[in-house]
file entry-v1.txt (compact mmCIF, C-alpha atoms and all ligand atoms)
# COMPACT_ATOMS: atom_id res chain seq x y z
CA MET X 1 102.01 103.60 89.26
CA GLU X 2 105.72 104.09 88.87
CA LYS X 3 107.26 103.38 85.46
CA VAL X 4 110.39 101.27 85.52
CA LEU X 5 110.81 100.55 81.82
CA GLU X 6 109.17 102.10 78.80
CA VAL X 7 109.63 100.84 75.27
CA LYS X 8 108.66 103.32 72.55
CA ASP X 9 108.18 102.54 68.86
CA LEU X 10 110.86 99.89 68.90
CA THR X 11 111.63 98.31 65.54
CA VAL X 12 114.23 95.58 65.07
CA LYS X 13 115.33 94.17 61.72
CA ILE X 14 117.37 91.25 60.57
CA GLY X 15 118.39 92.25 57.08
CA GLU X 16 115.27 93.60 55.40
CA LYS X 17 112.92 91.63 57.61
CA ASN X 18 111.14 93.24 60.57
CA ILE X 19 111.57 91.02 63.60
CA LEU X 20 109.83 93.58 65.84
CA THR X 21 107.65 96.42 64.54
CA ALA X 22 106.84 99.60 66.48
CA ILE X 23 106.67 97.99 69.92
CA ASN X 24 105.23 100.15 72.72
CA MET X 25 104.91 98.90 76.28
CA THR X 26 105.54 99.91 79.88
CA ALA X 27 106.57 97.90 82.93
CA TYR X 28 105.57 99.31 86.31
CA LYS X 29 106.97 98.78 89.77
CA GLY X 30 105.12 96.02 91.61
CA ARG X 31 103.33 94.79 88.49
CA VAL X 32 103.76 91.83 86.19
CA LEU X 33 103.62 92.58 82.48
CA GLY X 34 102.76 89.31 80.75
CA ILE X 35 103.82 88.89 77.14
CA ILE X 36 102.08 86.11 75.29
CA GLY X 37 102.42 84.95 71.71
CA GLU X 38 103.06 81.90 69.63
CA SER X 39 106.50 80.54 68.88
CA GLY X 40 108.43 82.83 66.53
CA SER X 41 106.33 85.92 67.31
CA GLY X 42 109.37 87.82 68.63
CA LYS X 43 109.07 87.47 72.40
CA THR X 44 112.67 86.44 73.01
CA MET X 45 114.01 89.07 70.60
CA LEU X 46 112.07 91.71 72.50
CA CYS X 47 113.68 90.58 75.77
CA HIS X 48 117.12 90.70 74.17
CA ALA X 49 116.44 94.13 72.68
CA ILE X 50 115.63 95.44 76.18
CA MET X 51 118.75 93.81 77.63
CA GLN X 52 120.77 95.02 74.62
CA SER X 53 121.87 91.49 73.99
CA LEU X 54 120.48 90.99 70.50
CA PRO X 55 122.37 88.71 68.14
CA ALA X 56 124.80 90.70 65.98
CA VAL X 57 122.65 90.22 62.87
CA ALA X 58 119.75 92.09 64.46
CA GLN X 59 119.62 95.89 64.27
CA ILE X 60 117.46 98.30 66.22
CA THR X 61 116.37 100.67 63.45
CA GLU X 62 113.92 102.81 65.39
CA GLY X 63 112.65 103.58 68.85
CA GLN X 64 113.74 104.13 72.43
CA ILE X 65 114.02 102.01 75.55
CA PHE X 66 113.73 104.13 78.67
CA TYR X 67 114.95 102.78 81.98
CA GLN X 68 113.93 105.35 84.59
CA GLN X 69 113.93 108.25 82.11
CA GLU X 70 117.20 107.26 80.48
CA ASN X 71 117.25 105.91 76.93
CA LEU X 72 119.30 102.72 77.11
CA LEU X 73 120.07 103.05 73.42
CA ASN X 74 122.08 106.21 74.13
CA VAL X 75 124.05 105.30 77.25
CA SER X 76 127.72 104.37 77.15
CA ALA X 77 128.82 100.74 77.00
CA ALA X 78 130.20 101.03 80.52
CA LYS X 79 126.96 102.36 81.93
CA LEU X 80 125.01 99.70 80.10
CA ARG X 81 127.21 97.01 81.62
CA ALA X 82 126.59 98.51 85.03
CA TYR X 83 122.82 98.51 84.47
CA ARG X 84 122.74 95.04 83.04
CA GLY X 85 122.90 92.47 85.75
CA ARG X 86 122.59 95.12 88.46
CA HIS X 87 119.25 96.73 87.61
CA LEU X 88 118.02 94.71 84.67
CA SER X 89 118.06 90.99 85.10
CA MET X 90 117.11 88.34 82.58
CA ILE X 91 116.00 84.89 83.65
CA MET X 92 116.28 82.56 80.71
CA GLN X 93 114.17 79.71 79.49
CA ASN X 94 116.87 77.12 79.72
CA PRO X 95 118.80 77.51 82.98
CA SER X 96 121.55 75.06 82.06
CA THR X 97 123.00 77.41 79.42
CA ALA X 98 123.25 80.23 81.96
CA PHE X 99 125.68 78.37 84.20
CA ASP X 100 129.36 77.62 83.87
CA ARG X 101 129.79 73.89 84.39
CA ILE X 102 133.20 74.13 86.01
CA GLN X 103 132.13 76.70 88.64
CA THR X 104 130.34 75.90 91.88
CA ILE X 105 127.04 77.58 92.70
CA GLU X 106 128.87 79.69 95.29
CA SER X 107 131.30 81.02 92.69
CA HIS X 108 128.35 81.96 90.48
CA PHE X 109 127.00 84.07 93.32
CA ARG X 110 130.46 85.55 93.91
CA GLU X 111 130.98 86.47 90.26
CA THR X 112 127.55 88.08 90.07
CA LEU X 113 127.92 90.03 93.32
CA LYS X 114 131.57 91.00 92.73
CA ALA X 115 130.62 92.58 89.42
CA HIS X 116 128.38 95.12 91.15
CA PHE X 117 129.26 95.43 94.83
CA ALA X 118 132.33 95.64 97.04
CA MET X 119 131.80 92.89 99.61
CA SER X 120 133.70 90.37 101.65
CA LYS X 121 133.38 86.66 100.86
CA LYS X 122 131.47 86.24 104.09
CA GLU X 123 128.95 88.92 103.14
CA MET X 124 128.54 87.42 99.68
CA ARG X 125 127.95 84.02 101.20
CA GLN X 126 125.27 85.38 103.51
CA ILE X 127 123.47 87.12 100.65
CA ALA X 128 123.62 83.93 98.59
CA LEU X 129 122.17 81.91 101.47
CA ASP X 130 119.38 84.44 102.06
CA ALA X 131 118.47 84.45 98.37
CA MET X 132 118.41 80.67 98.28
CA TYR X 133 116.15 80.51 101.33
CA LYS X 134 113.80 82.94 99.63
CA VAL X 135 113.39 80.64 96.64
CA ASN X 136 112.86 77.61 98.93
CA LEU X 137 115.97 75.75 97.88
CA PRO X 138 116.69 72.95 100.34
CA ASN X 139 120.07 72.85 102.13
CA PRO X 140 121.51 76.08 100.74
CA GLU X 141 124.86 75.59 102.53
CA GLN X 142 125.35 72.31 100.76
CA LEU X 143 124.08 73.65 97.43
CA LEU X 144 126.74 76.36 97.43
CA ARG X 145 129.38 73.65 97.09
CA TYR X 146 127.61 71.91 94.22
CA TYR X 147 128.30 72.18 90.51
CA PRO X 148 125.41 72.94 88.12
CA PHE X 149 125.24 69.38 86.79
CA GLN X 150 124.47 68.12 90.29
CA LEU X 151 121.18 70.06 90.34
CA SER X 152 117.89 69.32 88.59
CA GLY X 153 116.49 71.74 86.00
CA GLY X 154 113.93 73.00 88.50
CA MET X 155 116.58 73.67 91.11
CA LEU X 156 118.84 75.43 88.59
CA GLN X 157 115.94 77.64 87.55
CA ARG X 158 115.44 78.61 91.18
CA VAL X 159 119.18 79.24 91.63
CA MET X 160 119.02 81.54 88.60
CA ILE X 161 116.15 83.44 90.19
CA ALA X 162 118.08 83.53 93.49
CA LEU X 163 121.04 85.07 91.64
CA SER X 164 118.74 87.81 90.38
CA LEU X 165 117.27 88.32 93.83
CA ALA X 166 120.73 88.58 95.36
CA ILE X 167 121.46 91.74 93.39
CA GLN X 168 117.96 93.17 93.94
CA ALA X 169 117.29 94.11 90.34
CA SER X 170 114.59 96.65 89.56
CA LEU X 171 113.42 94.83 86.45
CA TYR X 172 113.22 91.08 86.03
CA ILE X 173 112.73 89.81 82.52
CA ALA X 174 111.75 86.16 82.62
CA ASP X 175 111.63 84.44 79.22
CA GLU X 176 109.40 81.37 79.56
CA PRO X 177 110.87 80.61 82.98
CA THR X 178 108.65 77.61 83.57
CA THR X 179 108.57 75.99 80.14
CA ALA X 180 111.37 73.52 80.86
CA LEU X 181 109.95 72.55 84.27
CA ASP X 182 107.54 69.90 85.51
CA THR X 183 104.19 70.95 86.98
CA VAL X 184 105.34 71.04 90.61
CA ASN X 185 108.37 73.19 89.82
CA GLN X 186 106.31 75.40 87.51
CA LYS X 187 103.94 76.13 90.36
CA GLN X 188 106.82 76.94 92.72
CA VAL X 189 108.48 79.31 90.27
CA LEU X 190 105.21 81.14 89.60
CA THR X 191 104.57 81.50 93.32
CA LEU X 192 108.06 82.91 93.61
CA PHE X 193 107.39 85.62 91.02
CA ASP X 194 104.24 86.46 92.89
CA ARG X 195 106.35 86.99 96.01
CA ILE X 196 108.96 89.04 94.16
CA ARG X 197 106.15 91.27 92.96
CA SER X 198 104.75 91.84 96.44
CA GLU X 199 107.97 91.86 98.49
CA THR X 200 110.37 93.82 96.31
CA GLU X 201 110.24 97.12 94.48
CA ALA X 202 110.73 95.40 91.17
CA ALA X 203 108.84 95.29 87.90
CA ILE X 204 108.48 91.94 86.16
CA ILE X 205 108.18 91.17 82.46
CA LEU X 206 107.02 87.60 82.16
CA VAL X 207 107.10 85.95 78.74
CA THR X 208 104.99 82.88 78.20
CA HIS X 209 103.00 80.99 75.59
CA ASP X 210 100.73 79.69 78.35
CA ILE X 211 97.51 81.60 78.88
CA GLY X 212 97.16 79.92 82.28
CA VAL X 213 100.33 81.68 83.44
CA ILE X 214 98.87 85.00 82.24
CA ALA X 215 95.64 84.34 84.15
CA GLU X 216 97.53 83.46 87.30
CA LEU X 217 100.17 86.18 87.39
CA ALA X 218 99.86 89.04 84.92
CA ASP X 219 98.59 92.50 85.80
CA ASP X 220 98.97 93.77 82.25
CA VAL X 221 99.06 91.74 79.06
CA ALA X 222 100.67 92.27 75.67
CA VAL X 223 99.82 89.86 72.87
CA MET X 224 102.51 89.47 70.22
CA TYR X 225 101.88 88.29 66.71
CA GLN X 226 104.49 88.33 63.95
CA GLY X 227 106.67 90.87 65.72
CA GLU X 228 103.88 93.26 66.65
CA ILE X 229 101.89 93.87 69.80
CA ILE X 230 98.35 93.41 68.55
CA GLU X 231 96.60 93.72 71.90
CA TYR X 232 97.66 95.50 75.07
CA ALA X 233 95.39 95.69 78.10
CA ASN X 234 95.12 95.15 81.81
CA VAL X 235 94.44 91.53 82.66
CA TYR X 236 90.73 92.07 83.40
CA ASP X 237 89.99 93.72 80.07
CA PHE X 238 92.15 91.14 78.36
CA PHE X 239 89.97 88.27 79.52
CA ASP X 240 86.62 90.11 79.61
CA ALA X 241 86.77 92.18 76.47
CA PRO X 242 89.43 91.03 74.04
CA GLN X 243 89.55 93.30 70.99
CA HIS X 244 91.66 91.58 68.38
CA PRO X 245 90.37 88.48 66.52
CA TYR X 246 93.65 86.68 67.27
CA THR X 247 93.20 87.29 71.01
CA LYS X 248 89.61 86.07 70.85
CA LYS X 249 90.80 82.90 69.17
CA LEU X 250 93.54 82.51 71.74
CA LEU X 251 91.01 82.75 74.57
CA GLN X 252 88.53 80.42 72.88
CA SER X 253 91.18 77.77 72.46
CA ARG X 254 91.69 77.72 76.20
CA ILE X 255 89.96 74.83 77.87
CA MET X 256 88.02 76.19 80.82
CA PHE X 257 87.44 74.12 83.91
N1 LIG X 301 119.79 84.58 65.73
C1 LIG X 301 118.78 84.76 64.85
N2 LIG X 301 119.04 84.98 63.54
C2 LIG X 301 118.05 85.18 62.64
N3 LIG X 301 116.75 85.16 62.95
C3 LIG X 301 116.42 84.94 64.23
C4 LIG X 301 117.40 84.72 65.25
N4 LIG X 301 116.75 84.52 66.42
C5 LIG X 301 115.43 84.61 66.14
N5 LIG X 301 115.23 84.87 64.84
C6 LIG X 301 113.91 85.08 64.20
O1 LIG X 301 113.25 86.13 64.88
C7 LIG X 301 111.85 85.86 64.98
C8 LIG X 301 111.41 85.95 66.42
O2 LIG X 301 112.01 84.93 67.16
P1 LIG X 301 111.89 84.81 68.74
O3 LIG X 301 112.01 86.14 69.34
O4 LIG X 301 112.85 83.77 69.19
O5 LIG X 301 110.38 84.27 68.91
P2 LIG X 301 109.66 83.70 70.22
O6 LIG X 301 110.55 83.91 71.40
O7 LIG X 301 108.37 84.45 70.31
O8 LIG X 301 109.41 82.25 69.95
C9 LIG X 301 111.61 84.49 64.36
O9 LIG X 301 111.15 84.70 63.05
C10 LIG X 301 113.00 83.87 64.34
O10 LIG X 301 113.11 83.02 63.24
MG MG X 302 111.33 82.58 72.83

call {"tool": "encode", "arguments": {"input": "entry-v1.txt", "output": "structure tokens"}}
result
Amino acid sequence: MEKVLEVKDLTVKIGEKNILTAINMTAYKGRVLGIIGESGSGKTMLCHAIMQSLPAVAQITEGQIFYQQENLLNVSAAKLRAYRGRHLSMIMQNPSTAFDRIQTIESHFRETLKAHFAMSKKEMRQIALDAMYKVNLPNPEQLLRYYPFQLSGGMLQRVMIALSLAIQASLYIADEPTTALDTVNQKQVLTLFDRIRSETEAAIILVTHDIGVIAELADDVAVMYQGEIIEYANVYDFFDAPQHPYTKKLLQSRIMF
């Protein structure tokens, strides 16, 4: 298995309070690392720490974040900018905040692609169309001309994933990507991640509070509780032989059909 991202002993504080404590985890190429934990356990902060987009009040006080052998905490701002968006891509919980309401979908693709590649408008358009086909968006040509408010939440979420696909990131970090969606769209987005896993060279970190999503998609599982990873296992061991009392409770509370 090829490591894409490795987090070592990462501690993040806001003031005196530990938001994350000694986090260790690894994301591998072609695998989905599922992160599960209740609201407030630090899942989103962990994603932002990896992307280096923590709120200004939060400080990384310890640890390393290796992206292909390079500690992201030591690279220059310019290099970080180049990595972010190009190699590391975050798909957020609420797609509407990720879009600029006065820009068409096509200009979102252009801005994203222009930031990392030298391409003609025609090439950019083709890549945008291909990415939109991949995520099963209907009428991509027409969608390119639309503004974000003209699309449903489910469609916007898929456009956001298409934007990530267009740049062929090596790590996708998806923070509760299905939480704001109805059941049909949830299913489609999960199927899409499954395809990204099998058809690209990427690693996926998938954050959820839904154990069903873990069961369906994760290869490895990290359970977060109050800023710590209290259980870390492959998905089979996670369901068959949970170690921590909190994980056992989590699994018991799941209604089995
Ligand atoms: N901007 C912020 N300022 C201060 N505290 C924050 C901020 N964002 C999150 N927190 C705190 O950090 C902790 C982890 O939050 P978060 O990562 O959003 O949890 P989760 O995504 O698991 O629901 C919580 O205690 C939350 O109150
Ligand atoms: Mg969150």

call {"tool": "closest_residue", "arguments": {"input": "entry-v1.txt", "among": "X:Tyr246, X:Phe193, X:Tyr232, X:Phe239", "to": "Leu217 (chain X)", "atoms": "only C-alpha atoms"}}
result
X:Phe193

call {"tool": "closest_residue", "arguments": {"input": "entry-v1.txt", "among": "X:Ala56, X:Leu165, X:Leu46, X:Ala241", "to": "Arg86 (chain X)", "atoms": "all atoms listed in the file"}}
result
X:Leu165

call {"tool": "atom_distance", "arguments": {"input": "entry-v1.txt", "atom1": "CA of Leu113 (chain X)", "atom2": "CA of Leu88 (chain X)"}}
result
14.0 Å

call {"tool": "residues_around", "arguments": {"input": "entry-v1.txt", "residues": "Tyr172 (chain X)", "least_positions_apart": "4", "cutoff": "7 Å", "atoms": "only C-alpha atoms", "output": "list in words"}}
result
Leu88, Ser89, Met90, Ala203, Ile204 and Ile205 of chain X

call {"tool": "residues_near_ligand", "arguments": {"input": "entry-v1.txt", "ligand": "ligand LIG 301 (chain X)", "cutoff": "12 Å", "atoms": "all atoms listed in the file", "output": "ChimeraX atom specification"}}
result
/X:12-21,35-49,53-59,92-93,174-176,179,206-209,223-229

call {"tool": "atom_distance", "arguments": {"input": "entry-v1.txt", "atom1": "CA of Ser120 (chain X)", "atom2": "CA of Ser152 (chain X)"}}
result
29.4 Å

call {"tool": "atom_distance", "arguments": {"input": "entry-v1.txt", "atom1": "CA of Glu216 (chain X)", "atom2": "CA of Met51 (chain X)"}}
result
25.5 Å

call {"tool": "closest_residue", "arguments": {"input": "entry-v1.txt", "among": "X:Ala166, X:Met25, X:Val221, X:Leu181", "to": "Phe117 (chain X)", "atoms": "all atoms listed in the file"}}
result
X:Ala166

call {"tool": "residues_near_point", "arguments": {"input": "entry-v1.txt", "point": "(114.8, 98.6, 67.1)", "cutoff": "6 Å", "atoms": "only C-alpha atoms", "output": "MDAnalysis selection string"}}
result
chainID X and resid 10:12 60:63

call {"tool": "residues_around", "arguments": {"input": "entry-v1.txt", "residues": "region 27-30 of chain X", "least_positions_apart": "2", "cutoff": "6 Å", "atoms": "only C-alpha atoms", "output": "MDAnalysis selection string"}}
result
chainID X and resid 2:5 197 201:203

call {"tool": "closest_residue", "arguments": {"input": "entry-v1.txt", "among": "X:Ala78, X:Leu144, X:Val213, X:Leu251", "to": "Ser107 (chain X)", "atoms": "all atoms listed in the file"}}
result
X:Leu144

call {"tool": "closest_residue", "arguments": {"input": "entry-v1.txt", "among": "X:Ile102, X:Ile50, X:Ile91, X:Ile167", "to": "Ala128 (chain X)", "atoms": "all atoms listed in the file"}}
result
X:Ile167

call {"tool": "closest_residue", "arguments": {"input": "entry-v1.txt", "among": "X:Pro177, X:Ala82, X:Asn74, X:Thr26", "to": "ligand MG 302 (chain X)", "atoms": "only C-alpha atoms and all ligand atoms"}}
result
X:Pro177

call {"tool": "residues_near_point", "arguments": {"input": "entry-v1.txt", "point": "(122.5, 71.4, 83.4)", "cutoff": "8 Å", "atoms": "all atoms listed in the file", "output": "list of chain:residue names"}}
result
X:Pro95, X:Ser96, X:Thr97, X:Phe99, X:Arg101, X:Pro148, X:Phe149, X:Gln150, X:Leu151, X:Ser152, X:Gly153, X:Leu156

call {"tool": "write_last_selection", "arguments": {"input": "entry-v1.txt", "atoms": "C-alpha atoms", "output": "mmCIF file, keeping the file's coordinate frame"}}
result
data_model
loop_
_atom_site.group_PDB
_atom_site.id
_atom_site.type_symbol
_atom_site.label_atom_id
_atom_site.label_comp_id
_atom_site.auth_asym_id
_atom_site.auth_seq_id
_atom_site.Cartn_x
_atom_site.Cartn_y
_atom_site.Cartn_z
ATOM 1 C CA PRO X 95 118.800 77.510 82.980
ATOM 2 C CA SER X 96 121.550 75.060 82.060
ATOM 3 C CA THR X 97 123.000 77.410 79.420
ATOM 4 C CA PHE X 99 125.680 78.370 84.200
ATOM 5 C CA ARG X 101 129.790 73.890 84.390
ATOM 6 C CA PRO X 148 125.410 72.940 88.120
ATOM 7 C CA PHE X 149 125.240 69.380 86.790
ATOM 8 C CA GLN X 150 124.470 68.120 90.290
ATOM 9 C CA LEU X 151 121.180 70.060 90.340
ATOM 10 C CA SER X 152 117.890 69.320 88.590
ATOM 11 C CA GLY X 153 116.490 71.740 86.000
ATOM 12 C CA LEU X 156 118.840 75.430 88.590
#

call {"tool": "axis_aligned_box", "arguments": {"input": "entry-v1.txt", "around": "region 229-232 of chain X", "padding_each_side": "3 Å", "output": "lines of an AutoDock Vina configuration file"}}
result
center_x = 99.2
center_y = 94.5
center_z = 71.8
size_x = 11.3
size_y = 8.1
size_z = 12.5

call {"tool": "residues_around", "arguments": {"input": "entry-v1.txt", "residues": "Val159 (chain X)", "least_positions_apart": "3", "cutoff": "8 Å", "atoms": "only C-alpha atoms", "output": "VMD selection string"}}
result
chain X and resid 132 135 137 155 to 156 162 to 163

call {"tool": "residues_around", "arguments": {"input": "entry-v1.txt", "residues": "Asp9 (chain X)", "least_positions_apart": "2", "cutoff": "6 Å", "atoms": "only C-alpha atoms", "output": "PDB file with C-alpha atoms, in the frame of the given file"}}
result
ATOM      1  CA  ALA X  22     106.840  99.600  66.480  1.00  0.00           C
ATOM      2  CA  ILE X  23     106.670  97.990  69.920  1.00  0.00           C
ATOM      3  CA  ASN X  24     105.230 100.150  72.720  1.00  0.00           C
ATOM      4  CA  GLY X  63     112.650 103.580  68.850  1.00  0.00           C
TER       5      GLY X  63
END
